[in-house]
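Novice: File name start_36.pdb; file contents PDB, C-alpha atoms; full text below.
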MODEL        1
ATOM      1  CA  MET A  27      19.234  10.971   8.802
ATOM      2  CA  LYS A  28      15.879  11.491  10.437
ATOM      3  CA  VAL A  29      13.313   8.662  10.299
ATOM      4  CA  LYS A  30       9.601   9.116  10.995
ATOM      5  CA  TYR A  31       6.940   6.492  11.649
ATOM      6  CA  PHE A  32       3.177   6.821  11.380
ATOM      7  CA  ALA A  33      -0.014   5.008  12.438
ATOM      8  CA  TRP A  34       0.512   1.342  13.446
ATOM      9  CA  VAL A  35       4.135   1.395  12.302
ATOM     10  CA  ARG A  36       4.717   4.158  14.895
ATOM     11  CA  GLU A  37       2.796   2.244  17.565
ATOM     12  CA  ARG A  38       4.701  -1.019  17.023
ATOM     13  CA  ILE A  39       8.099   0.697  17.049
ATOM     14  CA  GLY A  40       7.091   2.806  20.033
ATOM     15  CA  LYS A  41       8.317   6.145  18.767
ATOM     16  CA  ALA A  42       7.306   8.747  16.195
ATOM     17  CA  GLU A  43      10.787   9.689  15.015
ATOM     18  CA  GLU A  44      14.480   9.196  15.602
ATOM     19  CA  THR A  45      17.856  10.003  14.101
ATOM     20  CA  ILE A  46      19.786   7.035  12.760
ATOM     21  CA  GLU A  47      23.153   6.330  11.173
ATOM     22  CA  PRO A  48      22.783   3.133   9.165
ATOM     23  CA  PRO A  49      25.942   1.253   8.147
ATOM     24  CA  ALA A  50      27.476   1.849   4.723
ATOM     25  CA  ASP A  51      26.035  -1.342   3.215
ATOM     26  CA  VAL A  52      22.461  -0.060   3.665
ATOM     27  CA  HIS A  53      21.762   1.446   0.242
ATOM     28  CA  THR A  54      18.018   1.218  -0.392
ATOM     29  CA  VAL A  55      14.714   1.596   1.435
ATOM     30  CA  ASP A  56      14.462  -2.210   1.484
ATOM     31  CA  ASP A  57      17.946  -2.471   3.032
ATOM     32  CA  LEU A  58      16.954   0.059   5.675
ATOM     33  CA  ILE A  59      13.809  -1.919   6.555
ATOM     34  CA  ALA A  60      15.915  -5.077   6.954
ATOM     35  CA  TRP A  61      18.487  -3.257   9.089
ATOM     36  CA  LEU A  62      15.854  -1.643  11.322
ATOM     37  CA  SER A  63      14.034  -4.995  11.676
ATOM     38  CA  SER A  64      17.199  -6.549  13.111
ATOM     39  CA  ARG A  65      17.353  -3.992  15.930
ATOM     40  CA  ASP A  66      14.560  -5.284  18.172
ATOM     41  CA  GLU A  67      11.156  -6.964  18.304
ATOM     42  CA  GLY A  68       9.197  -3.719  17.897
ATOM     43  CA  TYR A  69      10.843  -2.964  14.557
ATOM     44  CA  ALA A  70      10.556  -6.599  13.498
ATOM     45  CA  HIS A  71       6.829  -6.520  14.297
ATOM     46  CA  ALA A  72       6.304  -3.206  12.446
ATOM     47  CA  PHE A  73       8.114  -4.482   9.356
ATOM     48  CA  GLU A  74       6.982  -8.137   9.487
ATOM     49  CA  LYS A  75       5.194  -7.693   6.138
ATOM     50  CA  PRO A  76       7.567  -5.413   4.209
ATOM     51  CA  LYS A  77       5.338  -5.415   1.097
ATOM     52  CA  VAL A  78       2.605  -3.624   3.044
ATOM     53  CA  ILE A  79       4.926  -0.843   4.222
ATOM     54  CA  ARG A  80       5.007   2.413   2.282
ATOM     55  CA  ALA A  81       7.972   4.778   2.349
ATOM     56  CA  ALA A  82       8.668   8.404   1.556
ATOM     57  CA  ILE A  83      11.957  10.227   1.172
ATOM     58  CA  ASP A  84      11.885  13.975   1.811
ATOM     59  CA  HIS A  85       8.063  14.071   1.552
ATOM     60  CA  THR A  86       7.833  12.114  -1.727
ATOM     61  CA  HIS A  87       6.563   8.531  -2.085
ATOM     62  CA  VAL A  88       9.326   6.116  -3.117
ATOM     63  CA  ARG A  89       9.573   2.448  -4.083
ATOM     64  CA  PRO A  90      11.402  -0.136  -1.951
ATOM     65  CA  ASP A  91      14.417  -0.127  -4.300
ATOM     66  CA  ALA A  92      14.914   3.661  -3.973
ATOM     67  CA  ALA A  93      18.387   4.764  -2.871
ATOM     68  CA  ILE A  94      18.555   6.430   0.530
ATOM     69  CA  SER A  95      21.828   8.298   0.005
ATOM     70  CA  GLY A  96      21.388  12.031   0.475
ATOM     71  CA  ALA A  97      17.985  11.641   2.159
ATOM     72  CA  ARG A  98      17.292  14.089   4.967
ATOM     73  CA  GLU A  99      14.068  12.463   6.150
ATOM     74  CA  ILE A 100      12.703   8.976   5.516
ATOM     75  CA  ALA A 101       9.216   7.983   6.629
ATOM     76  CA  PHE A 102       7.597   4.557   6.988
ATOM     77  CA  PHE A 103       3.854   4.054   7.228
ATOM     78  CA  PRO A 104       0.955   1.737   6.344
ATOM     79  CA  PRO A 105      -1.156   2.225   3.187
ATOM     80  CA  MET A 106      -2.989   5.522   3.454
ATOM     81  CA  THR A 107      -6.627   5.751   4.503
ATOM     82  CA  GLY A 108      -7.446   9.464   4.344
ATOM     83  CA  GLY A 109     -10.067  11.275   2.300
TER      84      GLY A 109
ATOM     85  CA  MET B  24      -4.271  34.545 -14.762
ATOM     86  CA  THR B  25      -3.331  31.526 -12.675
ATOM     87  CA  ALA B  26      -6.386  29.967 -11.049
ATOM     88  CA  PRO B  27      -6.444  30.379  -7.252
ATOM     89  CA  LEU B  28      -5.385  27.245  -5.362
ATOM     90  CA  THR B  29      -6.038  26.816  -1.640
ATOM     91  CA  ILE B  30      -4.812  23.816   0.346
ATOM     92  CA  ARG B  31      -5.389  23.603   4.083
ATOM     93  CA  ILE B  32      -4.675  20.828   6.579
ATOM     94  CA  GLN B  33      -6.455  21.735   9.794
ATOM     95  CA  ARG B  34      -7.913  20.402  13.012
ATOM     96  CA  ASP B  35     -10.931  22.721  12.885
ATOM     97  CA  ASP B  36     -14.137  22.196  10.940
ATOM     98  CA  PHE B  37     -14.833  24.089   7.710
ATOM     99  CA  ASP B  38     -17.909  25.770   6.255
ATOM    100  CA  VAL B  39     -18.707  24.483   2.751
ATOM    101  CA  ALA B  40     -20.783  27.543   1.754
ATOM    102  CA  ARG B  41     -18.038  29.901   2.887
ATOM    103  CA  GLU B  42     -15.423  27.993   0.886
ATOM    104  CA  ILE B  43     -17.572  28.121  -2.268
ATOM    105  CA  ALA B  44     -18.084  31.858  -1.786
ATOM    106  CA  ALA B  45     -14.358  32.409  -1.240
ATOM    107  CA  LEU B  46     -13.683  30.778  -4.591
ATOM    108  CA  SER B  47     -16.458  32.277  -6.688
ATOM    109  CA  GLN B  48     -17.546  35.591  -5.152
ATOM    110  CA  GLY B  49     -17.122  38.635  -7.385
ATOM    111  CA  ARG B  50     -16.178  36.566 -10.427
ATOM    112  CA  THR B  51     -18.094  36.170 -13.666
ATOM    113  CA  ASP B  52     -15.768  33.717 -15.417
ATOM    114  CA  ILE B  53     -16.926  30.674 -13.415
ATOM    115  CA  GLY B  54     -19.838  28.663 -14.799
ATOM    116  CA  ALA B  55     -19.622  25.569 -12.598
ATOM    117  CA  VAL B  56     -18.651  24.769  -9.024
ATOM    118  CA  VAL B  57     -18.486  21.175  -7.807
ATOM    119  CA  THR B  58     -17.965  20.302  -4.150
ATOM    120  CA  PHE B  59     -17.208  16.954  -2.564
ATOM    121  CA  SER B  60     -17.569  16.637   1.205
ATOM    122  CA  GLY B  61     -16.291  13.547   2.987
ATOM    123  CA  ILE B  62     -18.215  12.994   6.232
ATOM    124  CA  CYS B  63     -17.551  10.694   9.174
ATOM    125  CA  ARG B  64     -20.033   7.789   9.131
ATOM    126  CA  GLY B  65     -21.480   6.314  12.339
ATOM    127  CA  THR B  66     -20.621   2.778  11.216
ATOM    128  CA  GLU B  67     -17.524   1.095   9.818
ATOM    129  CA  GLY B  68     -17.752  -2.425   8.436
ATOM    130  CA  GLY B  69     -21.184  -2.868  10.027
ATOM    131  CA  ASP B  70     -20.057  -1.846  13.523
ATOM    132  CA  ASP B  71     -21.003   1.385  15.258
ATOM    133  CA  ILE B  72     -18.132   3.771  15.842
ATOM    134  CA  ALA B  73     -17.820   6.580  18.398
ATOM    135  CA  ALA B  74     -15.210   8.575  16.470
ATOM    136  CA  LEU B  75     -12.386   8.531  13.962
ATOM    137  CA  THR B  76      -8.965   9.927  14.760
ATOM    138  CA  LEU B  77      -7.002  11.054  11.728
ATOM    139  CA  GLU B  78      -3.237  11.052  11.908
ATOM    140  CA  HIS B  79      -1.258  12.825   9.198
ATOM    141  CA  TYR B  80       2.304  13.493   8.111
ATOM    142  CA  PRO B  81       2.741  17.278   8.455
ATOM    143  CA  GLY B  82       4.663  18.729   5.547
ATOM    144  CA  MET B  83       4.223  15.735   3.266
ATOM    145  CA  ALA B  84       0.419  15.930   3.442
ATOM    146  CA  GLU B  85       0.508  19.468   2.024
ATOM    147  CA  ALA B  86       3.204  18.554  -0.517
ATOM    148  CA  GLU B  87       1.354  15.457  -1.764
ATOM    149  CA  ILE B  88      -1.981  17.258  -2.099
ATOM    150  CA  ARG B  89      -0.224  20.106  -3.895
ATOM    151  CA  ARG B  90       1.334  17.707  -6.416
ATOM    152  CA  HIS B  91      -2.093  16.283  -7.289
ATOM    153  CA  ALA B  92      -3.726  19.720  -7.269
ATOM    154  CA  ASP B  93      -1.090  20.949  -9.728
ATOM    155  CA  GLU B  94      -1.729  17.909 -11.912
ATOM    156  CA  ALA B  95      -5.491  18.567 -11.795
ATOM    157  CA  MET B  96      -4.888  22.192 -12.824
ATOM    158  CA  SER B  97      -2.781  21.049 -15.770
ATOM    159  CA  ARG B  98      -5.237  18.344 -16.906
ATOM    160  CA  TRP B  99      -8.483  20.324 -16.652
ATOM    161  CA  PRO B 100      -9.260  23.993 -17.368
ATOM    162  CA  LEU B 101     -10.018  24.935 -13.762
ATOM    163  CA  GLN B 102     -10.790  28.464 -12.611
ATOM    164  CA  GLY B 103     -10.112  27.676  -8.980
ATOM    165  CA  LEU B 104      -9.484  24.797  -6.598
ATOM    166  CA  THR B 105      -9.746  24.358  -2.832
ATOM    167  CA  VAL B 106      -8.777  21.248  -0.851
ATOM    168  CA  ILE B 107      -9.240  21.076   2.929
ATOM    169  CA  HIS B 108      -8.413  17.965   4.955
ATOM    170  CA  ARG B 109      -8.970  17.725   8.698
ATOM    171  CA  PHE B 110      -6.954  15.780  11.245
ATOM    172  CA  GLY B 111      -7.518  14.888  14.891
ATOM    173  CA  ARG B 112     -10.616  13.345  16.476
ATOM    174  CA  ILE B 113     -13.771  13.546  14.354
ATOM    175  CA  THR B 114     -17.180  12.246  15.440
ATOM    176  CA  PRO B 115     -19.969  10.823  13.206
ATOM    177  CA  GLY B 116     -21.694  13.509  11.166
ATOM    178  CA  GLU B 117     -18.663  15.803  11.151
ATOM    179  CA  ASN B 118     -16.765  16.870   8.036
ATOM    180  CA  ILE B 119     -13.455  15.189   7.173
ATOM    181  CA  VAL B 120     -12.464  16.489   3.746
ATOM    182  CA  LEU B 121     -13.577  19.062   1.195
ATOM    183  CA  VAL B 122     -12.732  19.476  -2.478
ATOM    184  CA  VAL B 123     -14.114  22.475  -4.374
ATOM    185  CA  THR B 124     -13.450  22.797  -8.100
ATOM    186  CA  ALA B 125     -14.521  25.716 -10.288
ATOM    187  CA  SER B 126     -14.516  25.812 -14.067
ATOM    188  CA  GLN B 127     -16.307  27.424 -17.005
ATOM    189  CA  HIS B 128     -18.208  24.230 -17.784
ATOM    190  CA  ARG B 129     -19.305  21.398 -15.516
ATOM    191  CA  GLN B 130     -17.362  18.463 -16.961
ATOM    192  CA  ALA B 131     -13.945  19.763 -15.923
ATOM    193  CA  ALA B 132     -15.164  20.561 -12.404
ATOM    194  CA  PHE B 133     -16.789  17.118 -11.955
ATOM    195  CA  GLU B 134     -13.807  15.175 -13.317
ATOM    196  CA  ALA B 135     -11.156  17.151 -11.437
ATOM    197  CA  ALA B 136     -13.018  16.749  -8.130
ATOM    198  CA  GLU B 137     -13.259  12.984  -8.637
ATOM    199  CA  PHE B 138      -9.610  12.724  -9.675
ATOM    200  CA  LEU B 139      -8.496  14.619  -6.573
ATOM    201  CA  MET B 140     -10.605  12.540  -4.204
ATOM    202  CA  ASP B 141      -9.346   9.278  -5.715
ATOM    203  CA  TYR B 142      -5.748  10.390  -5.138
ATOM    204  CA  LEU B 143      -6.416  11.855  -1.694
ATOM    205  CA  LYS B 144      -7.705   8.426  -0.640
ATOM    206  CA  THR B 145      -4.678   6.484  -1.839
ATOM    207  CA  SER B 146      -1.680   8.808  -1.692
ATOM    208  CA  ALA B 147      -2.210  11.668   0.760
ATOM    209  CA  PRO B 148      -0.480  10.626   4.015
ATOM    210  CA  PHE B 149      -3.448  10.368   6.375
ATOM    211  CA  TRP B 150      -4.469   7.356   8.475
ATOM    212  CA  LYS B 151      -7.832   6.747  10.151
ATOM    213  CA  GLN B 152      -8.183   5.046  13.481
ATOM    214  CA  GLU B 153     -11.683   4.062  14.587
ATOM    215  CA  GLU B 154     -13.013   4.036  18.141
ATOM    216  CA  GLY B 155     -15.733   1.474  18.656
ATOM    217  CA  ALA B 156     -17.206  -0.912  21.201
ATOM    218  CA  LYS B 157     -14.243  -3.270  20.660
ATOM    219  CA  GLY B 158     -11.706  -0.525  21.304
ATOM    220  CA  LYS B 159      -9.446   1.295  18.874
ATOM    221  CA  GLY B 160      -8.262  -0.017  15.540
ATOM    222  CA  TRP B 161      -6.628   1.250  12.371
ATOM    223  CA  ILE B 162      -8.842   1.213   9.309
ATOM    224  CA  GLU B 163      -7.386  -0.876   6.475
ATOM    225  CA  ALA B 164      -6.851   0.478   2.981
ATOM    226  CA  ARG B 165      -9.308  -0.796   0.394
ATOM    227  CA  ALA B 166      -8.335  -2.327  -2.928
ATOM    228  CA  HIS B 167     -11.179  -0.571  -4.726
ATOM    229  CA  ASP B 168      -9.706   2.810  -3.734
ATOM    230  CA  ASP B 169      -6.428   1.836  -5.460
ATOM    231  CA  ALA B 170      -8.393   0.762  -8.532
ATOM    232  CA  ALA B 171     -10.293   4.079  -8.552
ATOM    233  CA  ALA B 172      -7.016   6.045  -8.522
ATOM    234  CA  ALA B 173      -5.395   3.809 -11.143
ATOM    235  CA  ARG B 174      -8.026   4.583 -13.777
ATOM    236  CA  TRP B 175      -6.710   8.172 -14.017
ATOM    237  CA  THR B 176      -3.218   7.003 -15.004
ATOM    238  CA  LYS B 177      -2.483   7.887 -18.601
ATOM    239  CA  SER B 178      -1.474   4.832 -20.582
TER     240      SER B 178
ENDMDL
END
Would it be possible to restate this file's structure as structure tokens?

Specialist:
Amino acid sequence: MKVKYFAWVRERIGKAEETIEPPADVHTVDDLIAWLSSRDEGYAHAFEKPKVIRAAIDHTHVRPDAAISGAREIAFFPPMTGG
Amino acid sequence: MTAPLTIRIQRDDFDVAREIAALSQGRTDIGAVVTFSGICRGTEGGDDIAALTLEHYPGMAEAEIRRHADEAMSRWPLQGLTVIHRFGRITPGENIVLVVTASQHRQAAFEAAEFLMDYLKTSAPFWKQEEGAKGKGWIEARAHDDAAAARWTKS
């Protein structure tokens, strides 16, 4: 699946997007955050406060307990500040 | 007839008068047009800023605005709706966002414009980075914006 990062989440991870293949025991958005955080310091820094992080699956906002199976694109970003 | 809906995410500036005309010209069914323009301030949190840079999530930004525009159209009797949101580097005094609502009577146009702005602030995937004397920094979301959006939730 494709993963995209925005704003300071993107800056801390050091890339805007990537393709990942998480292990089978990663079921939810929360699981994915934990798995990504274990990869290196950049991810750990980006996700150090998981409650602040917002997620979207296929362009729709989702909660942390949302299932990721079947997702084509998952995005992680800080709370929005547009308008 | 379905009311015309225009959503644009663009780097370029927009012309408010032209957008009003595009929505209302040649029509006699519209009795009220409300516009909201969001403009880049020269200060943020008391500090002078040189510019804002708006990052967005292409694809989702359009989709999220469309979802709220559709909800606005179903909640209020609108005759037309235009939402334009800019991205990229924007300097103080420049436009950031525009909402234009048209209806037969003013209340629907006022309420729908406010509803859309409250949701644009909290759920459209845009992020502002400020450039100031201390360097660059991401602007933090404000709790009162969440509260403003929450009051439109039907209980």

Novice: Find the residue from A:Thr54, A:Thr107, A:Thr45, A:Ser64 that sits nearest to Ile83 of chain A; use all atoms listed in the file when measuring.

Specialist: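 Ranking A:Thr54, A:Thr107, A:Thr45, A:Ser64 by distance to Ile83 of chain A, first place goes to A:Thr54.
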
Novice: What separation in Å, quoted to one decimal, exists between atom CA of Ala125 of chain B and atom CA of His91 of chain B?

Specialist: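 Taking atom CA of Ala125 of chain B and atom CA of His91 of chain B, their separation equals 15.9 Å.
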
Novice: Give me, as number ranges by chain, the contact residues of chain A against chain B at a cut-off of 12 Å, counting all atoms listed in the file.

Specialist: A: 30-37, 42-43, 78-88, 99-109

Novice: I'd like the neighbourhood of segment 26-30 of chain B as an MDAnalysis selection string, where a residue qualifies if any of its atoms comes within 9 Å (using all atoms listed in the file), though same-chain residues fewer than 5 positions away should be ignored.

Specialist: chainID B and resid 46 85 88:89 92:93 96 101:108

Novice: Could you please take those selected residues and save C-alpha atoms as a short mmCIF file (atom, residue, chain, number, x, y, z; two decimals), in the coordinates of the input?

Specialist:
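As written to disk, out04.cif reads:
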data_model
loop_
_atom_site.label_atom_id
_atom_site.label_comp_id
_atom_site.auth_asym_id
_atom_site.auth_seq_id
_atom_site.Cartn_x
_atom_site.Cartn_y
_atom_site.Cartn_z
CA LEU B 46 -13.68 30.78 -4.59
CA GLU B 85 0.51 19.47 2.02
CA ILE B 88 -1.98 17.26 -2.10
CA ARG B 89 -0.22 20.11 -3.90
CA ALA B 92 -3.73 19.72 -7.27
CA ASP B 93 -1.09 20.95 -9.73
CA MET B 96 -4.89 22.19 -12.82
CA LEU B 101 -10.02 24.94 -13.76
CA GLN B 102 -10.79 28.46 -12.61
CA GLY B 103 -10.11 27.68 -8.98
CA LEU B 104 -9.48 24.80 -6.60
CA THR B 105 -9.75 24.36 -2.83
CA VAL B 106 -8.78 21.25 -0.85
CA ILE B 107 -9.24 21.08 2.93
CA HIS B 108 -8.41 17.96 4.96
#

Novice: For the structure provided, state which residues fall under the PyMOL selection byres ((chain A and resi 57) around 12), and present them as a list in words.

Specialist: Pro48, Pro49, Ala50, Asp51, Val52, His53, Thr54, Val55, Asp56, Leu58, Ile59, Ala60, Trp61, Leu62, Ser63, Ser64, Phe73, Pro76, Pro90, Asp91, Ala92, Ala93, Ile94 and Ser95 of chain A

Novice: Now that the selection is made, can you save its residues with C-alpha atoms as a CSV table (one decimal), in the coordinates of the input?

Specialist:
chain,number,residue,atom,x,y,z
A,48,PRO,CA,22.8,3.1,9.2
A,49,PRO,CA,25.9,1.3,8.1
A,50,ALA,CA,27.5,1.8,4.7
A,51,ASP,CA,26.0,-1.3,3.2
A,52,VAL,CA,22.5,-0.1,3.7
A,53,HIS,CA,21.8,1.4,0.2
A,54,THR,CA,18.0,1.2,-0.4
A,55,VAL,CA,14.7,1.6,1.4
A,56,ASP,CA,14.5,-2.2,1.5
A,58,LEU,CA,17.0,0.1,5.7
A,59,ILE,CA,13.8,-1.9,6.6
A,60,ALA,CA,15.9,-5.1,7.0
A,61,TRP,CA,18.5,-3.3,9.1
A,62,LEU,CA,15.9,-1.6,11.3
A,63,SER,CA,14.0,-5.0,11.7
A,64,SER,CA,17.2,-6.5,13.1
A,73,PHE,CA,8.1,-4.5,9.4
A,76,PRO,CA,7.6,-5.4,4.2
A,90,PRO,CA,11.4,-0.1,-2.0
A,91,ASP,CA,14.4,-0.1,-4.3
A,92,ALA,CA,14.9,3.7,-4.0
A,93,ALA,CA,18.4,4.8,-2.9
A,94,ILE,CA,18.6,6.4,0.5
A,95,SER,CA,21.8,8.3,0.0

Novice: Please indicate the distance in Å from atom CA of Ile43 of chain B to atom CA of His128 of chain B, rounded to one decimal place.

Specialist: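 Separating atom CA of Ile43 of chain B from atom CA of His128 of chain B is a distance of 16.0 Å.
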
Novice: State, in Å with one decimal place, the distance from atom CA of Arg50 of chain B to atom CA of Asp35 of chain B.

Specialist: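 For atom CA of Arg50 of chain B relative to atom CA of Asp35 of chain B, the distance reads 27.6 Å.
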
Novice: Please list as an MDAnalysis selection string every residue within 12 Å of Glu134 of chain B, counting all atoms listed in the file and excluding residues in the same chain fewer than 2 positions away.

Specialist: chainID B and resid 55:59 95:96 98:101 122:126 128:132 136:141 175

Novice: Fewer than 4 positions away in the same chain doesn't count, so skip those; otherwise give me all residues within 8 Å of Gly155 of chain B, counting all atoms listed in the file, as a ChimeraX atom specification.

Specialist: /B:70-74,159

Novice: Which is closer to Thr25 of chain B than all the others in B:Thr114, B:Thr76, B:Thr51, B:Ser97, using only C-alpha atoms?

Specialist: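 For Thr25 of chain B, the nearest of the given residues is B:Ser97.
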
Novice: Please define a box with edges along x, y and z of the file around all atoms of segment 74-86 of chain A given in the file, extend it by 5 Å on each side, and return its centre and edge lengths in Å to one decimal, as lines of an AutoDock Vina configuration file.

Specialist:
center_x = 7.3
center_y = 3.0
center_z = 3.9
size_x = 19.4
size_y = 32.2
size_z = 21.2
